[in-house]
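As provided, upload-v5.tsv (TSV, C-alpha atoms) reads as follows.
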```
chain	number	residue	atom	x	y	z
A	300	MET	CA	0.00	0.00	0.00
A	301	ALA	CA	1.15	3.52	-0.79
A	302	HIS	CA	0.22	6.35	1.57
A	303	ILE	CA	-0.95	9.29	-0.53
A	304	GLU	CA	-1.31	12.85	0.73
A	305	GLU	CA	-2.10	15.14	-2.19
A	306	THR	CA	-4.24	18.07	-3.24
A	307	PHE	CA	-6.96	16.53	-5.41
A	308	LEU	CA	-9.30	18.14	-7.93
A	309	VAL	CA	-12.83	17.11	-6.96
A	310	PRO	CA	-16.38	18.06	-8.07
A	311	ALA	CA	-18.03	20.69	-5.89
A	312	TYR	CA	-20.41	18.19	-4.26
A	313	TYR	CA	-17.52	15.98	-3.04
A	314	GLU	CA	-17.01	17.67	0.32
A	315	LYS	CA	-20.71	17.20	1.14
A	316	PHE	CA	-20.56	13.46	0.56
A	317	VAL	CA	-21.19	11.28	3.63
A	318	CYS	CA	-21.95	7.55	3.36
A	319	LYS	CA	-25.57	6.79	4.30
A	320	ALA	CA	-24.52	3.41	5.76
A	321	GLN	CA	-27.60	1.51	7.01
A	322	ARG	CA	-29.92	4.28	5.70
A	323	CYS	CA	-29.01	3.37	2.12
A	324	ARG	CA	-31.82	1.65	0.23
A	325	ARG	CA	-29.35	-0.49	-1.72
A	326	THR	CA	-25.90	-0.49	-0.14
A	327	CYS	CA	-22.72	-0.96	-2.13
A	328	CYS	CA	-22.19	-4.20	-0.16
A	329	GLN	CA	-24.95	-5.92	-2.14
A	330	GLY	CA	-24.86	-7.77	-5.43
A	331	LEU	CA	-21.18	-7.49	-6.35
A	332	GLU	CA	-17.98	-9.27	-5.42
A	333	ILE	CA	-15.31	-7.06	-3.85
A	334	ARG	CA	-11.81	-7.59	-5.23
A	335	ILE	CA	-8.92	-7.30	-2.80
A	336	THR	CA	-5.13	-7.29	-2.96
A	337	GLN	CA	-2.85	-10.17	-2.08
A	338	ALA	CA	-1.76	-8.40	1.11
A	339	GLU	CA	-5.39	-7.82	2.13
A	340	TYR	CA	-6.29	-11.44	1.46
A	341	PHE	CA	-3.61	-12.84	3.76
A	342	ARG	CA	-4.33	-10.20	6.40
A	343	LEU	CA	-8.03	-11.14	6.47
A	344	ALA	CA	-7.29	-14.88	6.24
A	345	GLY	CA	-5.09	-14.73	9.35
A	346	MET	CA	-6.85	-12.00	11.31
A	347	ALA	CA	-8.08	-12.75	14.84
A	348	CYS	CA	-11.80	-12.04	15.11
A	349	PRO	CA	-14.97	-13.46	16.74
A	350	ARG	CA	-15.79	-17.05	15.78
A	351	ASP	CA	-18.98	-16.28	13.82
A	352	LEU	CA	-17.21	-13.53	11.87
A	353	ARG	CA	-14.29	-15.88	11.17
A	354	GLN	CA	-16.71	-18.36	9.61
A	355	LYS	CA	-18.26	-15.65	7.42
A	356	LEU	CA	-14.83	-14.44	6.31
A	357	ASP	CA	-13.70	-17.95	5.42
A	358	LEU	CA	-16.84	-18.44	3.31
A	359	SER	CA	-16.33	-15.07	1.60
A	360	LEU	CA	-12.64	-15.23	0.71
A	361	HIS	CA	-11.97	-16.68	-2.75
A	362	VAL	CA	-8.70	-16.48	-4.68
A	363	LEU	CA	-9.31	-15.35	-8.28
A	364	SER	CA	-8.62	-17.71	-11.16
A	365	HIS	CA	-5.85	-15.45	-12.50
A	366	PRO	CA	-4.62	-13.54	-9.43
A	367	ASP	CA	-2.04	-10.81	-9.35
A	368	GLU	CA	-0.68	-8.67	-6.54
A	369	TYR	CA	-3.43	-6.06	-6.78
A	370	ALA	CA	-6.41	-8.23	-7.78
A	371	TYR	CA	-5.67	-11.41	-5.90
A	372	ALA	CA	-8.97	-12.51	-4.35
A	373	CYS	CA	-12.53	-11.41	-3.74
A	374	LEU	CA	-15.09	-11.18	-0.97
A	375	SER	CA	-17.96	-12.96	-2.66
A	376	PRO	CA	-21.60	-12.29	-1.69
A	377	ASP	CA	-24.00	-14.95	-0.44
A	378	PHE	CA	-26.74	-16.62	-2.51
A	379	PHE	CA	-28.98	-13.57	-2.09
A	380	GLY	CA	-26.30	-11.11	-3.22
A	381	ARG	CA	-25.59	-9.75	0.26
A	382	CYS	CA	-22.09	-9.29	1.58
A	383	ARG	CA	-21.60	-11.85	4.35
A	384	MET	CA	-20.06	-9.13	6.48
A	385	MET	CA	-23.30	-7.12	6.58
A	386	ASP	CA	-25.17	-7.55	9.87
A	387	GLU	CA	-28.92	-7.43	10.48
A	388	ASN	CA	-28.76	-3.65	11.00
A	389	GLY	CA	-27.16	-3.02	7.61
A	390	LEU	CA	-23.75	-2.30	9.15
A	391	CYS	CA	-20.40	-3.97	8.44
A	392	ALA	CA	-19.77	-6.66	11.06
A	393	LEU	CA	-16.05	-6.63	10.21
A	394	GLN	CA	-15.75	-2.93	10.99
A	395	CYS	CA	-17.93	-3.20	14.09
A	396	ALA	CA	-15.84	-6.05	15.52
A	397	CYS	CA	-12.33	-5.16	14.35
A	398	GLY	CA	-12.37	-1.44	13.59
A	399	TYR	CA	-12.16	0.75	10.50
A	400	GLU	CA	-8.58	-0.29	9.75
A	401	ALA	CA	-9.73	-3.89	9.22
A	402	LEU	CA	-11.62	-2.91	6.06
A	403	THR	CA	-10.19	-3.48	2.60
A	404	SER	CA	-9.25	-0.39	0.59
A	405	VAL	CA	-12.29	-0.87	-1.69
A	406	CYS	CA	-14.64	-1.01	1.30
A	407	ARG	CA	-12.91	1.95	2.89
A	408	TYR	CA	-13.04	4.32	-0.06
A	409	PHE	CA	-15.83	3.31	-2.43
A	410	PRO	CA	-17.70	5.11	-4.03
A	411	ARG	CA	-14.69	7.43	-4.23
A	412	SER	CA	-12.27	6.92	-7.13
A	413	PRO	CA	-8.92	8.56	-6.34
A	414	ARG	CA	-6.67	8.80	-9.42
A	415	LEU	CA	-3.12	10.08	-9.48
A	416	THR	CA	-2.65	10.43	-13.24
A	417	PRO	CA	-2.53	12.63	-15.15
A	418	VAL	CA	-3.03	14.76	-12.01
A	419	PRO	CA	-4.70	13.83	-8.69
A	420	THR	CA	-8.49	13.76	-9.13
A	421	CYS	CA	-11.32	12.16	-7.21
A	422	ALA	CA	-15.10	11.85	-7.57
A	423	THR	CA	-17.80	9.53	-6.27
A	424	SER	CA	-19.62	7.01	-8.43
A	425	ASN	CA	-23.13	7.38	-9.85
A	426	ALA	CA	-23.58	3.81	-8.59
A	427	CYS	CA	-24.09	5.38	-5.15
A	428	GLU	CA	-27.54	6.77	-4.33
A	429	GLU	CA	-26.06	9.45	-2.06
A	430	THR	CA	-24.01	10.75	-5.01
A	431	LEU	CA	-27.15	10.91	-7.17
A	432	GLU	CA	-29.09	12.66	-4.42
A	433	LEU	CA	-26.35	15.27	-4.13
A	434	LEU	CA	-26.44	15.77	-7.92
A	435	TRP	CA	-30.24	16.12	-7.77
A	436	GLU	CA	-29.84	18.81	-5.08
A	437	GLU	CA	-27.30	20.66	-7.23
A	438	ALA	CA	-29.64	20.49	-10.22
A	439	ALA	CA	-32.59	21.75	-8.17
A	440	ALA	CA	-30.47	24.63	-6.85
A	441	ASP	CA	-29.15	25.36	-10.37
A	442	THR	CA	-25.60	24.96	-9.04
A	443	PRO	CA	-23.16	24.80	-11.99
A	444	TRP	CA	-20.77	21.91	-12.42
A	445	THR	CA	-17.40	23.02	-11.05
A	446	CYS	CA	-14.26	21.49	-9.58
A	447	THR	CA	-12.31	22.57	-6.54
A	448	GLU	CA	-9.00	21.65	-4.92
A	449	VAL	CA	-9.13	19.67	-1.67
A	450	PRO	CA	-6.29	18.04	0.35
A	451	LEU	CA	-7.05	14.31	0.69
A	452	THR	CA	-5.33	11.24	2.13
A	453	PHE	CA	-5.57	7.69	0.79
A	454	ASP	CA	-3.79	4.38	1.30
A	455	LEU	CA	-3.82	2.88	-2.18
A	456	ALA	CA	-2.62	-0.33	-3.76
A	457	GLY	CA	0.12	0.30	-6.29
A	458	SER	CA	3.02	2.68	-6.47
A	459	VAL	CA	3.15	6.42	-6.08
A	460	ARG	CA	3.43	8.49	-9.25
A	461	GLU	CA	6.96	8.81	-10.53
A	462	GLY	CA	8.12	11.68	-12.71
A	463	ASP	CA	6.07	14.30	-14.49
A	464	ASP	CA	3.98	13.75	-17.60
A	465	PRO	CA	4.61	16.73	-19.91
A	466	LYS	CA	1.00	16.48	-21.15
A	467	ALA	CA	-0.52	16.03	-17.69
A	468	MET	CA	-1.96	19.53	-17.36
A	469	GLU	CA	-3.39	19.47	-20.90
A	470	THR	CA	-4.98	16.06	-20.31
A	471	SER	CA	-6.35	17.16	-16.96
A	472	ARG	CA	-7.82	20.31	-18.47
A	473	PHE	CA	-9.51	18.27	-21.23
A	474	HIS	CA	-10.87	15.90	-18.56
A	475	ARG	CA	-12.43	18.77	-16.56
A	476	CYS	CA	-13.69	20.63	-19.61
A	477	ALA	CA	-15.33	17.48	-21.00
A	478	ALA	CA	-17.36	17.12	-17.80
A	479	GLN	CA	-18.23	20.82	-17.82
A	480	LEU	CA	-19.31	20.61	-21.47
A	481	MET	CA	-21.64	17.70	-20.68
A	482	ALA	CA	-23.20	19.80	-17.90
A	483	GLU	CA	-23.57	22.90	-20.13
A	484	GLU	CA	-27.36	23.38	-20.25
A	485	SER	CA	-27.19	26.25	-22.74
A	486	LEU	CA	-26.51	23.54	-25.35
A	487	LEU	CA	-28.94	20.79	-26.29
A	488	LEU	CA	-27.83	17.31	-25.23
A	489	PRO	CA	-27.23	16.13	-28.84
A	490	GLU	CA	-25.06	19.21	-29.39
A	491	ARG	CA	-22.99	18.34	-26.32
A	492	PHE	CA	-22.48	14.75	-27.47
A	493	SER	CA	-21.46	15.85	-30.96
A	494	LEU	CA	-19.05	18.47	-29.63
A	495	LEU	CA	-17.52	16.04	-27.16
A	496	SER	CA	-16.85	13.49	-29.89
A	497	TYR	CA	-15.57	16.16	-32.27
A	498	LEU	CA	-13.22	17.74	-29.72
A	499	ALA	CA	-11.89	14.34	-28.62
A	500	ARG	CA	-11.12	13.50	-32.24
A	501	GLN	CA	-9.43	16.87	-32.73
A	502	GLN	CA	-7.72	16.73	-29.31
A	503	THR	CA	-8.29	20.45	-28.94
A	504	LEU	CA	-10.06	22.62	-26.41
A	505	PRO	CA	-11.53	25.80	-27.87
A	506	ASP	CA	-12.50	28.84	-25.83
A	507	ALA	CA	-16.17	29.03	-24.90
A	508	GLY	CA	-16.72	31.76	-27.50
A	509	GLU	CA	-15.49	29.47	-30.30
A	510	ILE	CA	-18.00	26.67	-29.62
A	511	PRO	CA	-20.92	28.09	-31.68
A	512	ALA	CA	-18.70	28.21	-34.77
A	513	LEU	CA	-17.71	24.55	-34.27
A	514	LEU	CA	-21.24	23.25	-33.82
A	515	PRO	CA	-22.12	22.81	-37.53
A	516	ALA	CA	-19.02	20.72	-38.22
A	517	ALA	CA	-19.49	18.69	-35.02
A	518	ARG	CA	-23.16	18.02	-35.74
A	519	SER	CA	-22.37	16.97	-39.31
A	520	ALA	CA	-19.54	14.63	-38.31
A	521	PHE	CA	-21.20	13.19	-35.18
A	522	PRO	CA	-25.00	13.09	-35.40
A	523	LEU	CA	-26.72	11.28	-32.56
A	524	ARG	CA	-27.56	7.92	-34.16
A	525	VAL	CA	-27.42	4.61	-32.29
A	526	SER	CA	-27.82	1.11	-33.71
A	527	ARG	CA	-30.91	-0.71	-32.43
A	528	ALA	CA	-29.17	-4.07	-32.85
A	529	VAL	CA	-26.19	-2.96	-30.75
A	530	LEU	CA	-28.48	-1.62	-28.02
A	531	LEU	CA	-30.51	-4.84	-28.01
A	532	GLU	CA	-27.35	-6.92	-27.66
A	533	ILE	CA	-26.08	-4.78	-24.78
A	534	LEU	CA	-29.47	-4.81	-23.03
A	535	ALA	CA	-29.63	-8.60	-23.34
A	536	LYS	CA	-26.38	-8.79	-21.38
A	537	ALA	CA	-27.44	-6.21	-18.78
A	538	GLY	CA	-29.42	-8.64	-16.65
A	539	GLU	CA	-26.52	-11.09	-16.73
A	540	ASP	CA	-24.07	-8.41	-15.63
A	541	TYR	CA	-26.34	-7.05	-12.91
A	542	PRO	CA	-29.61	-8.85	-12.05
A	543	ASP	CA	-31.17	-5.70	-10.53
A	544	LEU	CA	-31.57	-4.43	-14.09
A	545	ALA	CA	-33.07	-7.59	-15.57
A	546	PHE	CA	-36.70	-6.45	-15.51
A	547	ALA	CA	-35.97	-2.94	-16.80
A	548	ALA	CA	-33.65	-4.29	-19.49
A	549	GLY	CA	-36.34	-6.71	-20.66
A	550	ALA	CA	-38.92	-3.93	-20.85
A	551	ALA	CA	-36.54	-1.63	-22.72
A	552	GLY	CA	-35.64	-4.44	-25.12
A	553	GLY	CA	-39.32	-4.95	-25.86
A	554	ILE	CA	-39.70	-1.29	-26.78
A	555	LEU	CA	-36.58	-1.38	-28.96
A	556	ALA	CA	-37.77	-4.45	-30.85
A	557	SER	CA	-40.45	-2.37	-32.56
A	558	CYS	CA	-38.14	0.55	-33.40
A	559	GLU	CA	-36.34	1.30	-36.65
A	560	ALA	CA	-32.84	-0.08	-37.25
A	561	VAL	CA	-31.25	3.16	-36.04
A	562	LEU	CA	-32.44	5.28	-33.13
A	563	THR	CA	-32.29	8.97	-33.96
A	564	GLU	CA	-32.31	12.15	-31.93
A	565	GLY	CA	-36.08	12.29	-32.30
A	566	ASP	CA	-36.56	8.84	-30.77
A	567	LEU	CA	-34.41	9.66	-27.78
A	568	ALA	CA	-35.88	13.16	-27.42
A	569	ARG	CA	-39.39	11.69	-27.12
A	570	THR	CA	-38.23	9.32	-24.40
A	571	LEU	CA	-36.49	12.17	-22.59
A	572	ALA	CA	-39.62	14.31	-22.82
A	573	GLY	CA	-41.73	11.53	-21.30
A	574	ILE	CA	-39.41	11.18	-18.31
A	575	SER	CA	-39.16	14.96	-17.92
A	576	ASP	CA	-42.96	15.24	-17.84
A	577	ALA	CA	-43.03	12.90	-14.84
A	578	PHE	CA	-39.91	14.41	-13.23
A	579	PRO	CA	-39.54	18.12	-14.17
A	580	GLY	CA	-36.02	18.28	-12.75
A	581	PHE	CA	-34.77	15.29	-14.72
A	582	LEU	CA	-32.91	17.04	-17.58
A	583	PRO	CA	-30.59	19.17	-15.39
A	584	PHE	CA	-30.10	16.12	-13.16
A	585	LEU	CA	-29.20	13.95	-16.18
A	586	SER	CA	-26.71	16.58	-17.37
A	587	ARG	CA	-24.89	16.45	-14.04
A	588	VAL	CA	-25.06	12.64	-13.88
A	589	LEU	CA	-23.39	12.31	-17.30
A	590	ALA	CA	-20.81	14.96	-16.38
A	591	ASN	CA	-20.06	13.10	-13.17
A	592	GLU	CA	-19.64	9.82	-15.06
A	593	LEU	CA	-17.09	11.43	-17.38
A	594	TYR	CA	-15.17	12.79	-14.42
A	595	TYR	CA	-15.42	9.66	-12.26
A	596	SER	CA	-14.32	7.32	-15.06
A	597	GLY	CA	-11.32	9.40	-16.12
A	598	PHE	CA	-12.67	10.22	-19.59
A	599	PRO	CA	-11.47	9.77	-22.30
A	600	ARG	CA	-9.78	6.64	-20.85
A	601	PRO	CA	-7.22	6.10	-23.64
A	602	ASP	CA	-6.08	2.93	-21.86
A	603	ARG	CA	-9.39	1.26	-22.81
A	604	LEU	CA	-10.63	2.91	-25.99
A	605	ALA	CA	-9.20	5.29	-28.55
A	606	PRO	CA	-10.26	8.85	-27.63
A	607	ALA	CA	-12.70	9.33	-30.52
A	608	GLN	CA	-14.47	6.05	-29.76
A	609	ALA	CA	-14.45	6.74	-26.03
A	610	ALA	CA	-16.00	10.12	-26.71
A	611	ALA	CA	-18.97	8.37	-28.27
A	612	VAL	CA	-19.22	5.09	-26.39
A	613	LEU	CA	-19.33	6.58	-22.93
A	614	PRO	CA	-21.83	9.48	-23.18
A	615	VAL	CA	-23.95	8.31	-26.12
A	616	LEU	CA	-24.47	4.76	-24.93
A	617	ALA	CA	-24.92	5.81	-21.31
A	618	PHE	CA	-27.47	8.42	-22.37
A	619	SER	CA	-29.33	6.08	-24.72
A	620	LEU	CA	-29.40	3.04	-22.46
A	621	LEU	CA	-30.27	4.98	-19.32
A	622	LEU	CA	-33.14	6.76	-21.07
A	623	LEU	CA	-34.46	3.48	-22.47
A	624	LEU	CA	-34.35	1.82	-19.06
A	625	LEU	CA	-36.08	4.71	-17.31
A	626	GLY	CA	-38.57	5.26	-20.11
A	627	ALA	CA	-39.53	1.58	-20.13
A	628	LEU	CA	-40.79	1.72	-16.55
A	629	PRO	CA	-43.71	4.17	-16.31
A	630	SER	CA	-44.35	2.84	-12.80
A	631	LEU	CA	-41.50	5.02	-11.48
A	632	HIS	CA	-43.64	7.32	-9.38
A	633	SER	CA	-41.05	8.72	-6.98
A	634	GLN	CA	-37.72	10.45	-7.05
A	635	ASP	CA	-36.33	7.55	-5.00
A	636	GLY	CA	-37.45	5.09	-7.70
A	637	LEU	CA	-35.79	7.18	-10.40
A	638	ILE	CA	-32.55	7.42	-8.42
A	639	ASP	CA	-32.56	3.71	-7.55
A	640	LEU	CA	-32.83	2.63	-11.20
A	641	THR	CA	-30.20	5.19	-12.24
A	642	ALA	CA	-27.86	3.89	-9.52
A	643	ALA	CA	-28.50	0.30	-10.66
A	644	PHE	CA	-27.52	1.24	-14.21
A	645	PHE	CA	-24.25	2.80	-13.09
A	646	ARG	CA	-23.51	-0.10	-10.76
A	647	MET	CA	-23.52	-2.19	-13.89
A	648	ALA	CA	-21.59	0.41	-15.94
A	649	ASP	CA	-18.93	1.19	-13.33
A	650	LEU	CA	-18.56	-2.11	-11.49
A	651	THR	CA	-18.97	-4.91	-14.06
A	652	PRO	CA	-17.32	-5.59	-17.47
A	653	PHE	CA	-20.11	-3.53	-19.08
A	654	TRP	CA	-17.97	-1.15	-21.15
A	655	GLN	CA	-15.80	-4.00	-22.40
A	656	ARG	CA	-18.99	-5.72	-23.58
A	657	CYS	CA	-20.12	-2.50	-25.25
A	658	HIS	CA	-16.79	-2.29	-27.04
A	659	LEU	CA	-17.16	-5.91	-28.18
A	660	ALA	CA	-20.75	-5.36	-29.37
A	661	LEU	CA	-19.69	-2.28	-31.33
A	662	SER	CA	-16.68	-3.95	-32.92
A	663	GLU	CA	-18.56	-7.11	-33.94
A	664	GLY	CA	-22.06	-5.73	-34.45
A	665	PRO	CA	-23.79	-4.39	-37.57
A	666	LYS	CA	-22.50	-1.20	-39.12
A	667	ASP	CA	-25.89	0.53	-39.45
A	668	HIS	CA	-24.82	3.20	-36.99
A	669	ASN	CA	-22.60	6.22	-37.58
A	670	PRO	CA	-19.19	4.59	-38.25
A	671	ASP	CA	-17.25	7.59	-37.01
A	672	ILE	CA	-18.95	7.43	-33.62
A	673	LEU	CA	-19.80	3.86	-32.74
A	674	SER	CA	-17.50	1.54	-34.65
A	675	HIS	CA	-14.30	-0.10	-33.57
A	676	PRO	CA	-11.14	1.63	-34.82
A	677	ALA	CA	-9.52	-0.18	-37.73
```
Output the file's structure as structure tokens, nothing else.
Amino acid sequence: MAHIEETFLVPAYYEKFVCKAQRCRRTCCQGLEIRITQAEYFRLAGMACPRDLRQKLDLSLHVLSHPDEYAYACLSPDFFGRCRMMDENGLCALQCACGYEALTSVCRYFPRSPRLTPVPTCATSNACEETLELLWEEAAADTPWTCTEVPLTFDLAGSVREGDDPKAMETSRFHRCAAQLMAEESLLLPERFSLLSYLARQQTLPDAGEIPALLPAARSAFPLRVSRAVLLEILAKAGEDYPDLAFAAGAAGGILASCEAVLTEGDLARTLAGISDAFPGFLPFLSRVLANELYYSGFPRPDRLAPAQAAAVLPVLAFSLLLLLLGALPSLHSQDGLIDLTAAFFRMADLTPFWQRCHLALSEGPKDHNPDILSHPA
């Protein structure tokens, strides 16, 4: 473990974030295995603790099929998807019995995602309902998306940054500006997607005053068009990746089955309008949710996808799939229901191999979508 004390760039809501613990409707301890390091595995395997907790730990600890130092084992959930460490009050029995320091680094820090490159940044995941509730509050208060510097301390697996990346500040600025562009409500959502893809392809960041002049070229090169077949394939896998989404994914797939081969801006705009009629604050909330996903995930993530493809895959697919899932369930009568389904989607997106499956579907699927946006690079 490396002890990190740095000044991190964080979204404005970050300092308000406090884990809801047992008040959470769907805690992060449910439904997903928690991967741990080799050092954490052997510490937990040999740790002295009460007998009943020891039995739960022994049942939970599983070495991965292809372990390495940093992803060596997992704490697997029980048959019902609950972490075996969770007690009847919704609290962590491991922490209650052995203290905060007994927790793994994932349990200690999630939903935070501290990153040290290109510069220190941190955000909290949309998979967390408290994060979404904070974003809803910001949207209701018309608080703009901004970042601020905050001193933070983490104990992280891996090594401390070494040396300086000459492009670090430029990459960091693009990262922040991409999130701010996605939250820019003076532009229509399709305009934001097109600009994001266009700017990622160009690898340039214009001044705010230059954006109107770029819009025609961006809209021409990157219209919002998504393949129905690709969406159907991804939705079919959604329930496998994360069972909480199975019903919504099935309903959304049923709607898609009757659509044209390519979903256009008009199709998605009608779905957005329907959700906004039921939840008047949804559009500004969605803008902040997508901005937060870009910031949390380290967009444009060149380690996973080429920048131009990342610029499309992340916001366009997240926007399209999330709208389809929400629009397919007219029984969402409360803000809590809306937030719960949104959190479930991002649990799948952030915490399962979802984006790798999207990449595979796009690279192997039909080419009836815009090839510049949603096809695999040659």
Residue with the minimum atom-to-atom distance to Leu358 of chain A, picked from A:Ala568, A:Met384, A:Ala642, A:Ala338 with only C-alpha atoms counted, is A:Met384
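Between atom CA of Val418 of chain A and atom CA of Ser493 of chain A the separation is 26.5 Å.
Atom CA of Pro413 of chain A is found 19.9 Å from atom CA of Trp654 of chain A.
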Please provide the set of residues having any atom within 8 Å of Gln479 of chain A, restricted to only C-alpha atoms, with same-chain residues fewer than 2 positions apart removed, written as number ranges by chain.
A: 444-445, 475-477, 481-483, 590
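When only C-alpha atoms are used to measure the gap to Pro614 of chain A, the shortest distance among A:Pro489, A:Gly398, A:Pro419, A:Pro443 belongs to A:Pro489.
Neighbouring residues of Phe379 of chain A at 12 Å or closer, counting only C-alpha atoms and skipping chain neighbours under 3 positions away, are Cys328, Gln329, Gly330, Leu331, Ser375, Pro376, Cys382, Arg383, Pro542 and Asp543 of chain A.
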Of the listed residues A:His302, A:Arg569, A:Arg325, A:Arg334, that which approaches Leu455 of chain A most closely, counting only C-alpha atoms:
A:His302
Where does segment 407-524 of chain A meet segment 595-599 of chain A within 7 Å, residue by residue, with the nearest atom pair and distance in Å to one decimal for each, counting all atoms listed in the file, listed by chain and rising number, as a Markdown table?
```
| residue | atom | partner | partner_atom | distance |
| --- | --- | --- | --- | --- |
| A:Ser412 | CA | A:Tyr595 | CA | 6.6 |
| A:Cys421 | CA | A:Tyr595 | CA | 7.0 |
| A:Ala422 | CA | A:Tyr595 | CA | 5.2 |
| A:Thr423 | CA | A:Tyr595 | CA | 6.4 |
| A:Ser424 | CA | A:Tyr595 | CA | 6.3 |
| A:His474 | CA | A:Phe598 | CA | 6.0 |
```
